[in-house]
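The structure appears right after this line, and notes come after that.
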Amino acid sequence: MVLLKYLFRNILRHKLRSFLTVLSVSIAVLSYCLLNTIINAWYAGVSASSSYRLIVRNAISLVFSLPISYRERIKQVKGVTNVAYGNWFGGIYIEEKNFFANFAVEPETFLKLYPEFIISDAEKKEFLKDRKGCIVGRKLTERFGWKVGDRVVLRGTIFSGNWEFVIKGVYKGKDRTVDESQFLFHWEYLNETLKKTNPRRADQVGYFIVGISNPEDAAEVSKEIDGLFKNSIAETLTETEKAFQLSFVTMTEAIVIAIKVVSYVVIAIIIVVVANTMAMSVRERKSEYATMKAFGFDSFIISFIIISESVLISLIGSVIGVILTFPAVKIVGDILSVYFPIFVLREVVIYKSLSYSILAGFLSGLLPSIEVIRVGIADGLRWSG
Amino acid sequence: MEPINIVEISSLVKTYRRGNQIIPVLQVISFEIKKGEFLALMGPSGSGKSTLLNLIAGIDKPDSGSIIVQGIDITKLDEKELSKWRAENVGFIFQFYNLIPVLTAFENVELPLLLTGLSKKERKEHVEYALSIVGLKDRMEHYPSQLSGGQQQRVAIARAIVTDPALIVADEPTGDLDKKSAEDVLNLMTELNEKFGKTIIMVTHDLRAAKHAKTMKYLDKGLLIDGTAEIFI
């Protein structure tokens with residue numbers, strides 16, 4: 001108990017120094033958590049992907065389309081349960097800054113393949129009934145103040161013209177990892193219009209979404225689908241949804257790596273800050289530790305006292321940092337919602353930041369404690385601080 | 001009956017190394033200290049008296065020779081054994097008290113008892129008794145900064161006796177005190193020696209302090225000279 005009191009009172013001995021150290025650690029942990037939340041947001045699509053879904057796209061590039069007729073042939077492949085399809089629409093709502101993902105999809109199968117998109121039966125029924133209908137994510141309604149029944153016009157960029165839609169439903173994610181900022185409408189609406197305005201582009205899809213009965217068969221099913229269209233005018237590339245999503249992240253991997261490096265630099269900063277404080281504190285108390293050693297306290301107890309103090313300072317700072325991260329993630333998430341629709345602080349980031357802080361505290365206390373152990377008692381007693 | 005020796009020092013040699021230079025501090029020293037003795041070690045600065053005290057207290061190691069305390073040659077003990085031995089056998093009094101500023105007088109005195117198997121209640125009894133001996137029971141909740149120099153040294157004395165050690169070593173215990181406080185501390189040490197039979201080894205520059213001791217030894221350039229206070233006056 002006396003040693004515990006000693007530990008806590010040591011932290012309060014230089015209040016300003018301790019306060020600044022704790023503050024530095026808090027800011028570092030806040031930065032670490034924010035950076036890792038950004039990395040997770042980057043990988044959100046990958047994390048949310050299902051192992052029961054495959055994506056079939058043009059083997060040359062995603063910008064090239066595939067004939068709709070491929071659907072029936074894909075359906076015949078053993079292990080395939082459902083096939084939906086869609087196009088990246090790329091429409092703009094009023095002005096460019098209002099960016100959000102919008103897709104033309106075959107709605108009935110799409111909603112079967114994406115059970116994580118929760119929508120009421122009544123709204124779903126209304127959506128399926130109306131070719132000009134659309135469903136939108138909850139976050140989009142909050143962002144633009146939309147409600148069911150509203151008319152929304154998107155200006156086409158890939159498919160020119162103004163496209164009018166009626167909101168028929170609002171979906172919610174099954175959990176917080178589901179993107180609630182998508183805009184989905186009938187592929188038939190797009191296709192019928194193209195048949196009239198640009199028939200050459202009609203009956204083409206950007207990708208197929210293939211449901212499979214067993215994720216373990218993904219490689220085999222993919223191979224078989226691609227085999228079907230080998231040497232055709234539009235060869236396919238089939239991959240798991242995760243691999244498909246990852247291909248987008250790979251394009252920007254350098255940025256992700258840079259952010260990761262910075263987040264590790266932040267951990268190094270914690271070590272340096274706490275180590276500096278501990279080095280100063282231990283130096284001032286060298287004579288005290290020598291006195292304790294003279295009384296019979298061995299190296300283990302002395303090291304334990306020093307390292308515990310270091311870990312405690314680091315942990316207090318990191319707990320404050322984590323607490324501050326919650327409002328920070330909310331604010332940053334709102335600001336970056338256009339780029340990162342899923343911006344949530346995950347438990348694993350909190351646990352990692354606390355674990356790293358404990359490790360940083362341990363390492364910061366280790367060197368000063370070794371120094372104290374190595375100094376002879378007589379030399380330590382002579383130390384005036 | 002002749003009192004038995006509590007400390008037996010034989011052919012003790014200690015040198016320090018400064019770069020390539022070897023500096024002799026103690027040159028083949030042998031002597032005994034009897035149980036219940038109050039010994040003053042005197043000598044000019046650099047004579048080796050504090051080094052000798054540190055060696056007897058087991059906080060430094062000699063180059064050669066033996067130091068037998070209560071039948072144990074402490075020069076043969078490793079660091080861990082030596083720590084345990086010090087905890088059980090030696091009480092320390094330092095010139096600058098060496099109290100821990102963030103602990104109260106009570107907690108400072110309690111510190112050496114943490115290494116014993118005593119319960120919290122037993123520790124409390126021991127600490128209160130030690131503080132009552134030095135006359136500071138009413139100040140046990142005070143922090144060192146709230147006490148005068150003399151009072152701080154009395155707390156340090158309480159800390160030195162709380163484990164009931166066989167040996168008390170004091171390095172210039174009055175060196176940082178005014179005349180009145182120094183006298184109080186020396187009277188207290190005399191009382192510990194006479195009333196409680198404690199063996200005390202005290203290093204001092206101050207002849208008035210040394211006069212409180214029963215015997216004196218004088219060190220000069222690492223060599224020992226026996227005598228009484230009068231020799232040095």
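How things are named: the first chain in the structure tokens is A, the next is B, and so on; residues count from 1 in each chain; ligands count from 1 in the order shown.
Omitting Gln95 in chain B and its sequence neighbours fewer than 5 positions away, and counting only C-alpha atoms, the residues within 10 Å are Gln153, Ala156, Ala170, Asp171, Glu172, Pro173, Thr174, Gly175, Asp176, Leu177, Val203 and Thr204 of chain B.
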Inset, instruction - May I have all residues of range 1-134 of chain B that DSSP, computed from the backbone, assigns to strand (DSSP E), given as a VMD selection string? - result: chain B and resid 5 to 18 21 to 34 38 to 42 64 to 69 72 to 73 90 to 93
Select all residues from chain B having any atom no more than 6 Å from an atom of chain A (counting only C-alpha atoms, ignoring ligands), output as a PDB file with N, CA, C and O atoms, in the first residue's frame.
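Writing done, so here's out-v8.pdb:
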```pdb
ATOM      1  N   ILE B  59      26.945  -1.942   1.617  1.00  0.00           N
ATOM      2  CA  ILE B  59      26.472  -1.241   0.419  1.00  0.00           C
ATOM      3  C   ILE B  59      27.617  -0.989  -0.565  1.00  0.00           C
ATOM      4  O   ILE B  59      27.447  -0.320  -1.560  1.00  0.00           O
ATOM      5  N   SER B  83      21.152  -7.730   0.012  1.00  0.00           N
ATOM      6  CA  SER B  83      19.952  -6.904   0.209  1.00  0.00           C
ATOM      7  C   SER B  83      19.157  -7.426   1.395  1.00  0.00           C
ATOM      8  O   SER B  83      18.716  -6.666   2.268  1.00  0.00           O
ATOM      9  N   LYS B  84      18.987  -8.731   1.416  1.00  0.00           N
ATOM     10  CA  LYS B  84      18.216  -9.369   2.500  1.00  0.00           C
ATOM     11  C   LYS B  84      18.941  -9.173   3.841  1.00  0.00           C
ATOM     12  O   LYS B  84      18.318  -8.852   4.856  1.00  0.00           O
ATOM     13  N   ARG B  86      21.043  -6.771   4.669  1.00  0.00           N
ATOM     14  CA  ARG B  86      20.925  -5.367   5.104  1.00  0.00           C
ATOM     15  C   ARG B  86      19.555  -5.107   5.723  1.00  0.00           C
ATOM     16  O   ARG B  86      19.445  -4.448   6.757  1.00  0.00           O
ATOM     17  N   ALA B  87      18.519  -5.645   5.066  1.00  0.00           N
ATOM     18  CA  ALA B  87      17.153  -5.424   5.564  1.00  0.00           C
ATOM     19  C   ALA B  87      16.993  -5.952   6.986  1.00  0.00           C
ATOM     20  O   ALA B  87      16.271  -5.372   7.802  1.00  0.00           O
ATOM     21  N   PRO B 112      11.073   0.371   5.635  1.00  0.00           N
ATOM     22  CA  PRO B 112      11.901  -0.838   5.792  1.00  0.00           C
ATOM     23  C   PRO B 112      11.105  -2.056   6.276  1.00  0.00           C
ATOM     24  O   PRO B 112      11.501  -3.190   6.031  1.00  0.00           O
TER      25      PRO B 112
END
```
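Across the structure, CA of Phe196 in chain B and CA of Gly43 in chain B are spaced 27.8 Å apart.
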Inset, instruction - List the neighbours of range 83-100 of chain A out to 6 Å using only C-alpha atoms; skip same-chain residues closer than 2 positions along the sequence, and give me the result as an MDAnalysis selection string. - result: chainID A and resid 102:106 109:110 154:157 205:210
Inset, instruction - Can you pull out every residue within 10 Å of range 65-82 of chain A, counting only C-alpha atoms, but drop anything in the same chain fewer than 5 positions away, and send it as a PyMOL selection string? - result: chain A and resi 52-54+56-60+87+109-110+112-113+201-215+217-218+220-222+224-226+228-229+233-236
Might you pull out every residue within 10 Å of range 344-356 of chain A, with only C-alpha atoms counted and same-chain residues fewer than 3 positions away left off, and present them as a JSON list (two decimals) with N, CA and C atoms, in the first residue's frame?
```json
[["chain", "number", "residue", "atom", "x", "y", "z"],
["A", 28, "ALA", "N", -1.25, 12.02, -28.75],
["A", 28, "ALA", "CA", -0.65, 10.98, -29.60],
["A", 28, "ALA", "C", -1.63, 9.82, -29.79],
["A", 29, "VAL", "N", -2.27, 9.40, -28.70],
["A", 29, "VAL", "CA", -3.24, 8.29, -28.80],
["A", 29, "VAL", "C", -4.45, 8.70, -29.65],
["A", 30, "LEU", "N", -4.89, 9.93, -29.45],
["A", 30, "LEU", "CA", -6.00, 10.45, -30.26],
["A", 30, "LEU", "C", -5.62, 10.39, -31.75],
["A", 32, "TYR", "N", -3.34, 8.45, -33.12],
["A", 32, "TYR", "CA", -3.22, 7.05, -33.51],
["A", 32, "TYR", "C", -4.61, 6.47, -33.84],
["A", 33, "CYS", "N", -5.55, 6.74, -32.94],
["A", 33, "CYS", "CA", -6.91, 6.19, -33.14],
["A", 33, "CYS", "C", -7.55, 6.78, -34.40],
["A", 34, "LEU", "N", -7.37, 8.08, -34.61],
["A", 34, "LEU", "CA", -7.96, 8.72, -35.80],
["A", 34, "LEU", "C", -7.35, 8.16, -37.08],
["A", 35, "LEU", "N", -6.01, 8.03, -37.08],
["A", 35, "LEU", "CA", -5.32, 7.51, -38.28],
["A", 35, "LEU", "C", -5.78, 6.09, -38.58],
["A", 36, "ASN", "N", -5.91, 5.29, -37.53],
["A", 36, "ASN", "CA", -6.34, 3.90, -37.74],
["A", 36, "ASN", "C", -7.80, 3.82, -38.15],
["A", 37, "THR", "N", -8.60, 4.78, -37.68],
["A", 37, "THR", "CA", -10.00, 4.82, -38.11],
["A", 37, "THR", "C", -10.07, 5.17, -39.60],
["A", 38, "ILE", "N", -9.16, 6.06, -40.03],
["A", 38, "ILE", "CA", -9.11, 6.40, -41.47],
["A", 38, "ILE", "C", -8.71, 5.16, -42.28],
["A", 40, "ASN", "N", -9.13, 2.06, -41.45],
["A", 40, "ASN", "CA", -10.28, 1.13, -41.44],
["A", 40, "ASN", "C", -11.36, 1.60, -42.40],
["A", 41, "ALA", "N", -11.56, 2.93, -42.45],
["A", 41, "ALA", "CA", -12.56, 3.47, -43.36],
["A", 41, "ALA", "C", -12.18, 3.17, -44.81],
["A", 44, "ALA", "N", -13.13, -0.24, -45.51],
["A", 44, "ALA", "CA", -14.51, -0.55, -45.09],
["A", 44, "ALA", "C", -15.21, -1.49, -46.07],
["A", 176, "ARG", "N", -23.01, -1.34, -38.04],
["A", 176, "ARG", "CA", -22.40, -0.05, -38.41],
["A", 176, "ARG", "C", -21.32, -0.17, -39.48],
["A", 177, "THR", "N", -21.01, -1.40, -39.89],
["A", 177, "THR", "CA", -20.01, -1.56, -40.95],
["A", 177, "THR", "C", -20.63, -1.46, -42.35],
["A", 264, "TYR", "N", 2.55, 4.55, -36.63],
["A", 264, "TYR", "CA", 3.61, 3.93, -35.82],
["A", 264, "TYR", "C", 4.59, 4.99, -35.29],
["A", 267, "ILE", "N", 3.30, 6.14, -32.07],
["A", 267, "ILE", "CA", 3.64, 5.25, -30.95],
["A", 267, "ILE", "C", 5.07, 5.58, -30.47],
["A", 268, "ALA", "N", 5.96, 5.80, -31.44],
["A", 268, "ALA", "CA", 7.35, 6.14, -31.08],
["A", 268, "ALA", "C", 7.37, 7.46, -30.30],
["A", 270, "ILE", "N", 5.06, 8.56, -28.32],
["A", 270, "ILE", "CA", 4.63, 8.26, -26.94],
["A", 270, "ILE", "C", 5.82, 7.75, -26.13],
["A", 271, "ILE", "N", 6.58, 6.84, -26.73],
["A", 271, "ILE", "CA", 7.74, 6.28, -26.02],
["A", 271, "ILE", "C", 8.73, 7.39, -25.67],
["A", 314, "SER", "N", 1.52, 6.58, -18.95],
["A", 314, "SER", "CA", 1.17, 6.29, -20.34],
["A", 314, "SER", "C", -0.29, 5.86, -20.45],
["A", 315, "LEU", "N", -0.71, 5.05, -19.49],
["A", 315, "LEU", "CA", -2.09, 4.53, -19.53],
["A", 315, "LEU", "C", -3.12, 5.63, -19.26],
["A", 316, "ILE", "N", -2.82, 6.50, -18.30],
["A", 316, "ILE", "CA", -3.75, 7.62, -18.01],
["A", 316, "ILE", "C", -3.90, 8.46, -19.27],
["A", 317, "GLY", "N", -2.76, 8.77, -19.90],
["A", 317, "GLY", "CA", -2.78, 9.57, -21.13],
["A", 317, "GLY", "C", -3.57, 8.88, -22.22],
["A", 318, "SER", "N", -3.38, 7.58, -22.36],
["A", 318, "SER", "CA", -4.05, 6.88, -23.46],
["A", 318, "SER", "C", -5.55, 6.74, -23.20],
["A", 319, "VAL", "N", -5.93, 6.56, -21.95],
["A", 319, "VAL", "CA", -7.37, 6.46, -21.64],
["A", 319, "VAL", "C", -8.05, 7.80, -21.98],
["A", 321, "GLY", "N", -6.92, 9.93, -24.11],
["A", 321, "GLY", "CA", -6.87, 10.01, -25.58],
["A", 321, "GLY", "C", -8.01, 9.24, -26.22],
["A", 322, "VAL", "N", -8.28, 8.05, -25.71],
["A", 322, "VAL", "CA", -9.36, 7.22, -26.26],
["A", 322, "VAL", "C", -10.72, 7.91, -26.03],
["A", 323, "ILE", "N", -10.89, 8.46, -24.83],
["A", 323, "ILE", "CA", -12.16, 9.15, -24.52],
["A", 323, "ILE", "C", -12.36, 10.32, -25.50],
["A", 325, "THR", "N", -11.19, 10.52, -28.41],
["A", 325, "THR", "CA", -11.32, 10.02, -29.79],
["A", 325, "THR", "C", -12.78, 9.92, -30.22],
["A", 326, "PHE", "N", -13.67, 9.56, -29.29],
["A", 326, "PHE", "CA", -15.09, 9.37, -29.67],
["A", 326, "PHE", "C", -15.69, 10.64, -30.31],
["A", 328, "ALA", "N", -14.03, 13.12, -31.48],
["A", 328, "ALA", "CA", -13.18, 13.48, -32.63],
["A", 328, "ALA", "C", -13.58, 12.67, -33.86],
["A", 329, "VAL", "N", -13.84, 11.39, -33.67],
["A", 329, "VAL", "CA", -14.24, 10.53, -34.80],
["A", 329, "VAL", "C", -15.57, 11.01, -35.37],
["A", 330, "LYS", "N", -16.47, 11.43, -34.47],
["A", 330, "LYS", "CA", -17.79, 11.92, -34.92],
["A", 330, "LYS", "C", -17.60, 13.17, -35.80],
["A", 333, "GLY", "N", -15.56, 12.28, -38.95],
["A", 333, "GLY", "CA", -16.43, 11.43, -39.78],
["A", 333, "GLY", "C", -17.47, 12.25, -40.53],
["A", 340, "PHE", "N", -15.53, 8.95, -46.84],
["A", 340, "PHE", "CA", -15.58, 7.74, -46.00],
["A", 340, "PHE", "C", -16.97, 7.58, -45.41],
["A", 341, "PRO", "N", -17.86, 6.87, -46.13],
["A", 341, "PRO", "CA", -19.22, 6.70, -45.60],
["A", 341, "PRO", "C", -19.25, 5.89, -44.30],
["A", 359, "LEU", "N", 2.80, -0.95, -23.60],
["A", 359, "LEU", "CA", 4.11, -1.37, -24.08],
["A", 359, "LEU", "C", 5.08, -0.17, -24.11],
["A", 360, "ALA", "N", 4.55, 0.98, -24.58],
["A", 360, "ALA", "CA", 5.38, 2.19, -24.64],
["A", 360, "ALA", "C", 5.80, 2.60, -23.23],
["A", 361, "GLY", "N", 4.85, 2.53, -22.29],
["A", 361, "GLY", "CA", 5.15, 2.86, -20.89],
["A", 361, "GLY", "C", 6.21, 1.94, -20.33],
["A", 362, "PHE", "N", 6.08, 0.65, -20.65],
["A", 362, "PHE", "CA", 7.04, -0.33, -20.16],
["A", 362, "PHE", "C", 8.44, -0.03, -20.70]]
```
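Proximity to Ser45 in chain B was assessed for B:Val185, B:Ile23, B:Ala130, B:Leu219 counting only C-alpha atoms; the smallest distance is recorded for B:Leu219.
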Inset, instruction - Go through A:Ser51, A:Ser247, A:Ser310, A:Ser26 one by one, measure the shortest atom-to-atom distance of each to Thr277 in chain A using only C-alpha atoms, and give the residue with the smallest value. - result: A:Ser310
Legend entry - Top pick for closest residue to Tyr129 in chain B, considering B:Thr163, B:Asn20, B:Thr116, B:Gln146 and counting only C-alpha atoms: B:Thr163
